[in-house]
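Text of the file target06.csv, holding CSV, C-alpha atoms and all ligand atoms:
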chain,number,residue,atom,x,y,z
A,1,MET,CA,-107.6,-188.0,20.9
A,2,ALA,CA,-109.9,-186.2,18.4
A,3,THR,CA,-111.5,-188.2,15.7
A,4,ALA,CA,-113.7,-187.0,12.9
A,5,PRO,CA,-116.3,-189.7,12.0
A,6,GLU,CA,-119.2,-188.6,14.3
A,7,HIS,CA,-119.3,-185.3,12.4
A,8,PHE,CA,-119.7,-186.9,9.0
A,9,ALA,CA,-123.2,-188.1,9.5
A,10,ALA,CA,-124.1,-184.6,8.4
A,11,LEU,CA,-121.5,-184.4,5.6
A,12,PRO,CA,-120.7,-187.8,4.1
A,13,GLU,CA,-119.7,-186.6,0.6
A,14,VAL,CA,-116.2,-185.5,1.4
A,15,ALA,CA,-112.8,-187.0,0.4
A,16,ILE,CA,-109.4,-185.8,1.4
A,17,ARG,CA,-106.6,-185.9,-1.2
A,18,SER,CA,-103.4,-184.1,-2.3
A,19,MET,CA,-103.8,-180.5,-3.4
A,20,ALA,CA,-103.1,-180.0,-7.2
A,21,GLU,CA,-102.2,-176.9,-9.0
A,22,ALA,CA,-105.7,-176.8,-10.4
A,23,ASP,CA,-107.1,-176.5,-6.8
A,24,VAL,CA,-105.2,-173.3,-6.1
A,25,PRO,CA,-107.9,-170.8,-7.4
A,26,ALA,CA,-110.6,-172.5,-5.2
A,27,VAL,CA,-108.2,-172.5,-2.2
A,28,VAL,CA,-107.4,-168.8,-2.7
A,29,GLU,CA,-111.1,-168.0,-2.8
A,30,ILE,CA,-111.5,-169.7,0.6
A,31,GLU,CA,-108.4,-168.1,1.9
A,32,LEU,CA,-109.6,-164.6,0.9
A,33,ALA,CA,-113.0,-165.3,2.6
A,34,SER,CA,-111.3,-166.5,5.8
A,35,TYR,CA,-108.4,-164.3,6.7
A,36,ARG,CA,-107.9,-160.5,7.1
A,37,PHE,CA,-104.3,-161.0,5.9
A,38,PRO,CA,-104.6,-163.9,3.4
A,39,TRP,CA,-101.8,-165.8,1.7
A,40,SER,CA,-101.3,-165.0,-2.0
A,41,GLU,CA,-101.8,-167.4,-4.8
A,42,GLY,CA,-98.0,-167.4,-5.2
A,43,ILE,CA,-97.5,-168.7,-1.7
A,44,PHE,CA,-99.8,-171.7,-2.3
A,45,ARG,CA,-98.0,-172.4,-5.5
A,46,ASP,CA,-94.6,-172.2,-3.7
A,47,CYS,CA,-95.9,-174.7,-1.1
A,48,LEU,CA,-96.7,-177.2,-3.8
A,49,ARG,CA,-93.4,-176.5,-5.6
A,50,VAL,CA,-91.2,-177.1,-2.6
A,51,GLY,CA,-93.0,-180.3,-1.6
A,52,TYR,CA,-94.8,-179.4,1.5
A,53,VAL,CA,-97.7,-181.7,2.4
A,54,CYS,CA,-100.7,-179.9,0.9
A,55,ARG,CA,-104.1,-181.5,1.3
A,56,VAL,CA,-107.6,-180.6,0.3
A,57,VAL,CA,-111.0,-181.8,1.3
A,58,ALA,CA,-113.2,-182.2,-1.8
A,59,HIS,CA,-116.9,-181.8,-1.4
A,60,PHE,CA,-118.5,-182.9,-4.7
A,61,ASP,CA,-116.7,-180.7,-7.2
A,62,THR,CA,-115.7,-177.9,-4.8
A,63,VAL,CA,-112.9,-177.5,-2.3
A,64,ALA,CA,-114.3,-177.5,1.2
A,65,GLY,CA,-111.0,-177.0,3.1
A,66,TYR,CA,-107.3,-177.4,3.0
A,67,GLY,CA,-104.2,-177.8,5.2
A,68,ILE,CA,-100.5,-177.4,4.7
A,69,VAL,CA,-97.6,-178.8,6.8
A,70,SER,CA,-93.9,-178.7,6.3
A,71,ALA,CA,-91.8,-181.5,7.9
A,72,GLY,CA,-88.1,-182.0,8.4
A,73,ALA,CA,-85.5,-182.8,11.0
A,74,GLY,CA,-88.1,-184.5,13.2
A,75,GLU,CA,-90.4,-181.5,13.3
A,76,ALA,CA,-93.6,-180.5,11.6
A,77,HIS,CA,-95.0,-177.1,11.3
A,78,ILE,CA,-98.7,-176.7,10.5
A,79,LEU,CA,-98.6,-173.7,8.2
A,80,ASN,CA,-102.3,-173.3,7.2
A,81,LEU,CA,-105.6,-175.0,8.0
A,82,CYS,CA,-108.8,-173.5,6.7
A,83,VAL,CA,-112.4,-174.6,6.0
A,84,ARG,CA,-114.8,-172.9,3.6
A,85,PRO,CA,-116.9,-170.6,5.9
A,86,GLU,CA,-120.3,-172.2,5.0
A,87,LEU,CA,-119.0,-175.7,5.7
A,88,ARG,CA,-117.5,-175.1,9.2
A,89,CYS,CA,-118.4,-176.9,12.4
A,90,ARG,CA,-119.0,-180.2,10.5
A,91,GLY,CA,-115.7,-181.9,11.3
A,92,ILE,CA,-113.8,-180.9,8.2
A,93,GLY,CA,-111.1,-179.0,10.2
A,94,THR,CA,-110.7,-182.1,12.4
A,95,LEU,CA,-110.4,-184.3,9.3
A,96,VAL,CA,-107.7,-182.2,7.7
A,97,LEU,CA,-105.7,-181.8,10.9
A,98,GLU,CA,-105.8,-185.5,11.7
A,99,ASP,CA,-104.6,-186.2,8.1
A,100,LEU,CA,-101.7,-183.7,8.3
A,101,LEU,CA,-100.6,-185.2,11.7
A,102,GLN,CA,-100.8,-188.8,10.5
A,103,ARG,CA,-98.7,-187.9,7.4
A,104,ALA,CA,-96.1,-186.1,9.5
A,105,ALA,CA,-96.0,-189.0,11.9
A,106,ALA,CA,-95.6,-191.5,9.1
A,107,ALA,CA,-92.7,-189.4,7.8
A,108,GLY,CA,-90.9,-189.8,11.2
A,109,VAL,CA,-91.8,-186.5,12.7
A,110,GLU,CA,-91.9,-186.5,16.5
A,111,ILE,CA,-93.2,-183.0,17.3
A,112,ALA,CA,-95.6,-180.8,15.6
A,113,TYR,CA,-95.7,-177.0,16.1
A,114,LEU,CA,-98.2,-174.3,15.1
A,115,GLU,CA,-98.8,-170.6,15.6
A,116,VAL,CA,-102.3,-169.2,16.1
A,117,ARG,CA,-103.7,-165.7,16.9
A,118,PRO,CA,-104.7,-165.7,20.6
A,119,SER,CA,-108.0,-164.2,19.5
A,120,ASN,CA,-108.8,-167.3,17.2
A,121,THR,CA,-111.0,-169.2,19.7
A,122,ALA,CA,-112.3,-171.7,17.1
A,123,ALA,CA,-108.9,-172.8,16.0
A,124,ILE,CA,-107.5,-172.9,19.6
A,125,ARG,CA,-110.4,-175.1,20.7
A,126,LEU,CA,-109.7,-177.4,17.7
A,127,TYR,CA,-106.0,-177.7,18.5
A,128,GLN,CA,-106.7,-178.3,22.2
A,129,SER,CA,-109.1,-181.1,21.3
A,130,PHE,CA,-106.0,-182.8,19.7
A,131,GLU,CA,-104.1,-182.2,22.9
A,132,PHE,CA,-101.8,-179.5,21.5
A,133,GLU,CA,-100.1,-177.8,24.4
A,134,HIS,CA,-99.6,-174.0,24.6
A,135,ILE,CA,-95.8,-173.5,25.0
A,136,GLY,CA,-95.4,-169.8,24.6
A,137,SER,CA,-95.7,-166.9,22.2
A,138,ARG,CA,-93.9,-165.2,19.3
A,139,ARG,CA,-93.9,-161.4,19.6
A,140,GLY,CA,-95.2,-159.5,16.6
A,141,TYR,CA,-95.6,-162.6,14.5
A,142,TYR,CA,-98.7,-161.6,12.7
A,143,GLN,CA,-99.8,-158.5,10.7
A,144,ALA,CA,-102.6,-156.7,12.4
A,145,PRO,CA,-104.7,-153.6,11.5
A,146,ASP,CA,-102.7,-151.4,14.0
A,147,GLY,CA,-99.2,-153.0,13.6
A,148,ARG,CA,-98.3,-156.5,14.7
A,149,GLU,CA,-99.9,-159.2,16.9
A,150,ASP,CA,-98.2,-161.9,18.9
A,151,ALA,CA,-98.8,-165.5,18.1
A,152,ALA,CA,-99.6,-168.3,20.5
A,153,VAL,CA,-97.3,-171.3,19.9
A,154,PHE,CA,-98.6,-174.8,20.4
A,155,LYS,CA,-96.8,-178.1,20.3
A,156,LEU,CA,-97.9,-181.8,20.1
A,157,ALA,CA,-95.8,-184.9,20.5
A,158,LEU,CA,-96.7,-187.4,17.8
A,159,ARG,CA,-95.4,-190.6,19.3
A,160,SER,CA,-98.8,-192.2,19.7
A,161,ARG,CA,-99.6,-191.6,16.0
A,162,ARG,CA,-96.3,-192.8,14.9
A,163,ALA,CA,-96.8,-196.1,16.8
A,164,GLY,CA,-99.9,-196.6,14.6
A,165,HIS,CA,-97.8,-196.5,11.5
A,166,ASP,CA,-94.9,-198.8,12.5
A,201,LIG,C1,-110.4,-173.3,12.7
A,201,LIG,C2,-111.2,-174.0,11.6
A,201,LIG,C3,-110.2,-174.6,10.6
A,201,LIG,C4,-112.0,-175.1,12.2
A,201,LIG,O1,-112.6,-175.9,11.2
A,201,LIG,P1,-114.0,-176.6,11.4
A,201,LIG,O2,-114.2,-177.5,10.2
A,201,LIG,O3,-115.1,-175.6,11.6
A,201,LIG,O4,-113.7,-177.5,12.7
A,201,LIG,P2,-114.5,-178.8,13.2
A,201,LIG,O5,-115.9,-178.8,12.8
A,201,LIG,O6,-113.7,-180.0,12.9
A,201,LIG,O7,-114.5,-178.5,14.8
A,201,LIG,C5,-113.6,-179.2,15.7
A,201,LIG,C6,-113.5,-178.5,17.0
A,201,LIG,O8,-113.0,-177.1,16.9
A,201,LIG,C7,-113.7,-176.3,17.8
A,201,LIG,N1,-114.4,-175.3,17.0
A,201,LIG,C8,-114.6,-175.2,15.7
A,201,LIG,N2,-115.3,-174.1,15.4
A,201,LIG,C9,-115.6,-173.5,16.5
A,201,LIG,C10,-116.2,-172.2,16.9
A,201,LIG,N3,-116.8,-171.5,15.9
A,201,LIG,N4,-116.2,-171.8,18.1
A,201,LIG,C11,-115.7,-172.6,19.1
A,201,LIG,N5,-115.0,-173.8,18.9
A,201,LIG,C12,-115.0,-174.2,17.6
A,201,LIG,C13,-114.6,-177.1,18.6
A,201,LIG,O9,-113.9,-177.6,19.7
A,201,LIG,C14,-114.9,-178.3,17.6
A,201,LIG,O10,-115.3,-179.5,18.3
A,201,LIG,P3,-116.8,-179.8,18.5
A,201,LIG,O11,-117.5,-179.8,17.2
A,201,LIG,O12,-116.8,-181.1,19.2
A,201,LIG,O13,-117.3,-178.7,19.4
A,201,LIG,C15,-112.2,-173.0,10.9
A,201,LIG,O14,-112.9,-172.3,11.8
A,201,LIG,C16,-111.5,-172.0,10.0
A,201,LIG,O15,-111.2,-172.4,8.8
A,201,LIG,N6,-111.2,-170.8,10.4
A,201,LIG,C17,-110.6,-169.8,9.6
A,201,LIG,C18,-109.1,-170.1,9.3
A,201,LIG,C19,-108.3,-170.2,10.6
A,201,LIG,O16,-108.4,-169.4,11.5
A,201,LIG,N7,-107.5,-171.3,10.6
A,201,LIG,C20,-106.6,-171.5,11.7
A,201,LIG,C21,-105.3,-170.7,11.5
A,201,LIG,S1,-104.2,-171.0,12.9
For the file at hand, write its structure as structure tokens.
Ligand SMILES: CC(C)(COP(=O)(O)OP(=O)(O)OC[C@H]1O[C@@H](n2cnc3c(N)ncnc32)[C@H](O)[C@@H]1OP(=O)(O)O)[C@@H](O)C(=O)NCCC(=O)NCCS
Amino acid sequence: MATAPEHFAALPEVAIRSMAEADVPAVVEIELASYRFPWSEGIFRDCLRVGYVCRVVAHFDTVAGYGIVSAGAGEAHILNLCVRPELRCRGIGTLVLEDLLQRAAAAGVEIAYLEVRPSNTAAIRLYQSFEFEHIGSRRGYYQAPDGREDAAVFKLALRSRRAGHD
């Protein structure tokens, strides 16, 4: 199972916490720098309003990364996971994903799902390091420059994490 601590020798000054409304501008800045088809500010505000688990990693007074998961009926859906470009490959993505999964498990979720572009090698390697399993694809799920792009769908059983919270 993936763990974060060994990465943090290089980046000790990070703390993970709930996203606040005041974080949204910094989150949107990272989103715009990271995706060709980014979420709007309104989508992040909606995620906070409806009560999704929205987490940020703070690095001094900046936001270094964020993750959002919706959970219900025993299932969690990882909706977004993103790290500030200049702070990638230091374990922050791992930290956020582990936090999201632990929170979902603590809320009674048994299975986590996510979609990812098949071309997104960095994210797929991260998910595979958590033992997410590729279970199929959703046709035309993503916007693409020339139309739509399929999504790869991954799933992870959370039983082991749940045991840690009983
Ligand atoms: C995917 C993403 C969140 C990873 O964040 P990160 O902080 O760089 O990830 P970590 O440092 O925790 O890396 C964990 C593992 O992911 C994989 N990984 C991360 N970046 C990688 C890269 N550029 N190439 C290949 N593998 C990579 C590796 O397996 C790595 O483990 P290792 O360090 O032992 O090799 C980050 O690249 C990102 O924000 N991408 C843009 C947004 C995005 O695509 N999000 C996913 C949407 S589905």
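Here atom CA of A:Ala122 stands at a distance of 12.9 Å from atom CA of A:Ile92.
Counting from atom C18 of ligand LIG 201 (chain A), the distance to atom CA of A:Trp39 is 11.4 Å.
The coordinates place atom CA of A:Val53 at 5.3 Å from atom CA of A:Val69.
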Next item on the list: Select the residues contacting ligand LIG 201 (chain A) at a distance of at most 6 Å, based on all atoms listed in the file, then format the selection as a list in words.
Entry: Ser34, Asn80, Leu81, Cys82, Val83, Arg88, Cys89, Arg90, Gly91, Ile92, Gly93, Thr94, Val116, Thr121, Ala122, Ala123, Arg125 and Leu126 of chain A
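For the point (-88.9, -180.3, 10.4), the residues with an atom at a distance of at most 10 Å are Val69, Ser70, Ala71, Gly72, Ala73, Gly74, Glu75, Ala76, His77, Ala104, Gly108, Val109, Glu110, Ile111, Ala112 and Tyr113 of chain A, counting only C-alpha atoms.
Residue nearest A:Pro145 within the list A:Arg49, A:His59, A:Arg159, A:Arg36: A:Arg36 [criterion: smallest interatomic distance, only C-alpha atoms].
With only C-alpha atoms as the basis for measurement, A:Ala15 is the residue among A:Ala15, A:Ala152, A:Leu95, A:Pro38 that approaches A:Asp61 most closely.
In terms of minimum interatomic distance to A:Asn120, A:Ala151 ranks closest within A:Ala151, A:Gly140, A:Glu133, A:Gly51, counting only C-alpha atoms.
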Notebook entry, point to check: Which is closest to A:Leu48 among A:Leu156, A:Leu114, A:Val24, A:Ala105, if we use only C-alpha atoms?
Noted result: A:Val24
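If you measure from each of A:Ala33, A:Leu101, A:Cys47, A:Ala107 to A:Ala157 using all atoms listed in the file, the closest one turns out to be A:Leu101.
If all atoms listed in the file are the atoms counted, then among A:Ala58, A:Leu32, A:Ile43, A:Ala144 the closest residue to A:Arg17 is A:Ala58.
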Check: Could you name the residues that touch A:Val27 at 8 Å or less, counting all atoms listed in the file, but leaving out those on the same chain fewer than 5 positions away, as a PyMOL selection string?
Finding: chain A and resi 63+65-66
Checklist line | A:Met19 environment, 6 Å, all atoms listed in the file, sequence neighbours closer than 3 positions dropped, as a PyMOL selection string | finding: chain A and resi 54-56
Supply stretch 41-62 of chain A as a compact mmCIF listing (two decimals), keeping the file's coordinate frame, with N, CA and C atoms built in where the input has gaps.
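What ended up in out_26.txt:
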# COMPACT_ATOMS: atom_id res chain seq x y z
N GLU A 41 -101.85 -166.25 -3.94
CA GLU A 41 -101.80 -167.40 -4.80
C GLU A 41 -100.39 -167.96 -4.95
N GLY A 42 -99.44 -167.04 -5.05
CA GLY A 42 -98.00 -167.40 -5.20
C GLY A 42 -97.52 -168.25 -4.03
N ILE A 43 -97.96 -167.92 -2.83
CA ILE A 43 -97.50 -168.70 -1.70
C ILE A 43 -98.00 -170.13 -1.75
N PHE A 44 -99.27 -170.31 -2.14
CA PHE A 44 -99.80 -171.70 -2.30
C PHE A 44 -98.99 -172.44 -3.37
N ARG A 45 -98.72 -171.77 -4.47
CA ARG A 45 -98.00 -172.40 -5.50
C ARG A 45 -96.56 -172.79 -5.07
N ASP A 46 -95.95 -171.91 -4.27
CA ASP A 46 -94.60 -172.20 -3.70
C ASP A 46 -94.67 -173.42 -2.79
N CYS A 47 -95.73 -173.51 -1.98
CA CYS A 47 -95.90 -174.70 -1.10
C CYS A 47 -95.91 -175.96 -1.85
N LEU A 48 -96.63 -175.96 -2.97
CA LEU A 48 -96.70 -177.20 -3.80
C LEU A 48 -95.31 -177.42 -4.44
N ARG A 49 -94.67 -176.37 -4.90
CA ARG A 49 -93.40 -176.50 -5.60
C ARG A 49 -92.30 -177.08 -4.70
N VAL A 50 -92.25 -176.63 -3.45
CA VAL A 50 -91.20 -177.10 -2.60
C VAL A 50 -91.50 -178.42 -1.88
N GLY A 51 -92.70 -178.93 -2.12
CA GLY A 51 -93.00 -180.30 -1.60
C GLY A 51 -93.57 -180.36 -0.24
N TYR A 52 -94.11 -179.26 0.27
CA TYR A 52 -94.80 -179.40 1.50
C TYR A 52 -96.03 -180.31 1.36
N VAL A 53 -96.48 -180.88 2.45
CA VAL A 53 -97.70 -181.70 2.40
C VAL A 53 -98.88 -180.75 2.28
N CYS A 54 -99.54 -180.76 1.14
CA CYS A 54 -100.70 -179.90 0.90
C CYS A 54 -101.88 -180.73 0.58
N ARG A 55 -102.91 -180.62 1.41
CA ARG A 55 -104.10 -181.50 1.30
C ARG A 55 -105.35 -180.68 1.13
N VAL A 56 -106.27 -181.20 0.38
CA VAL A 56 -107.60 -180.60 0.30
C VAL A 56 -108.67 -181.57 0.59
N VAL A 57 -109.77 -181.04 1.12
CA VAL A 57 -111.00 -181.80 1.30
C VAL A 57 -111.89 -181.44 0.12
N ALA A 58 -112.25 -182.44 -0.68
CA ALA A 58 -113.20 -182.20 -1.80
C ALA A 58 -114.59 -182.52 -1.35
N HIS A 59 -115.51 -181.64 -1.71
CA HIS A 59 -116.90 -181.80 -1.40
C HIS A 59 -117.65 -181.70 -2.74
N PHE A 60 -118.05 -182.82 -3.32
CA PHE A 60 -118.50 -182.90 -4.70
C PHE A 60 -117.41 -182.23 -5.57
N ASP A 61 -117.75 -181.21 -6.38
CA ASP A 61 -116.70 -180.70 -7.20
C ASP A 61 -116.10 -179.36 -6.67
N THR A 62 -116.28 -179.13 -5.37
CA THR A 62 -115.70 -177.90 -4.80
C THR A 62 -114.65 -178.33 -3.72
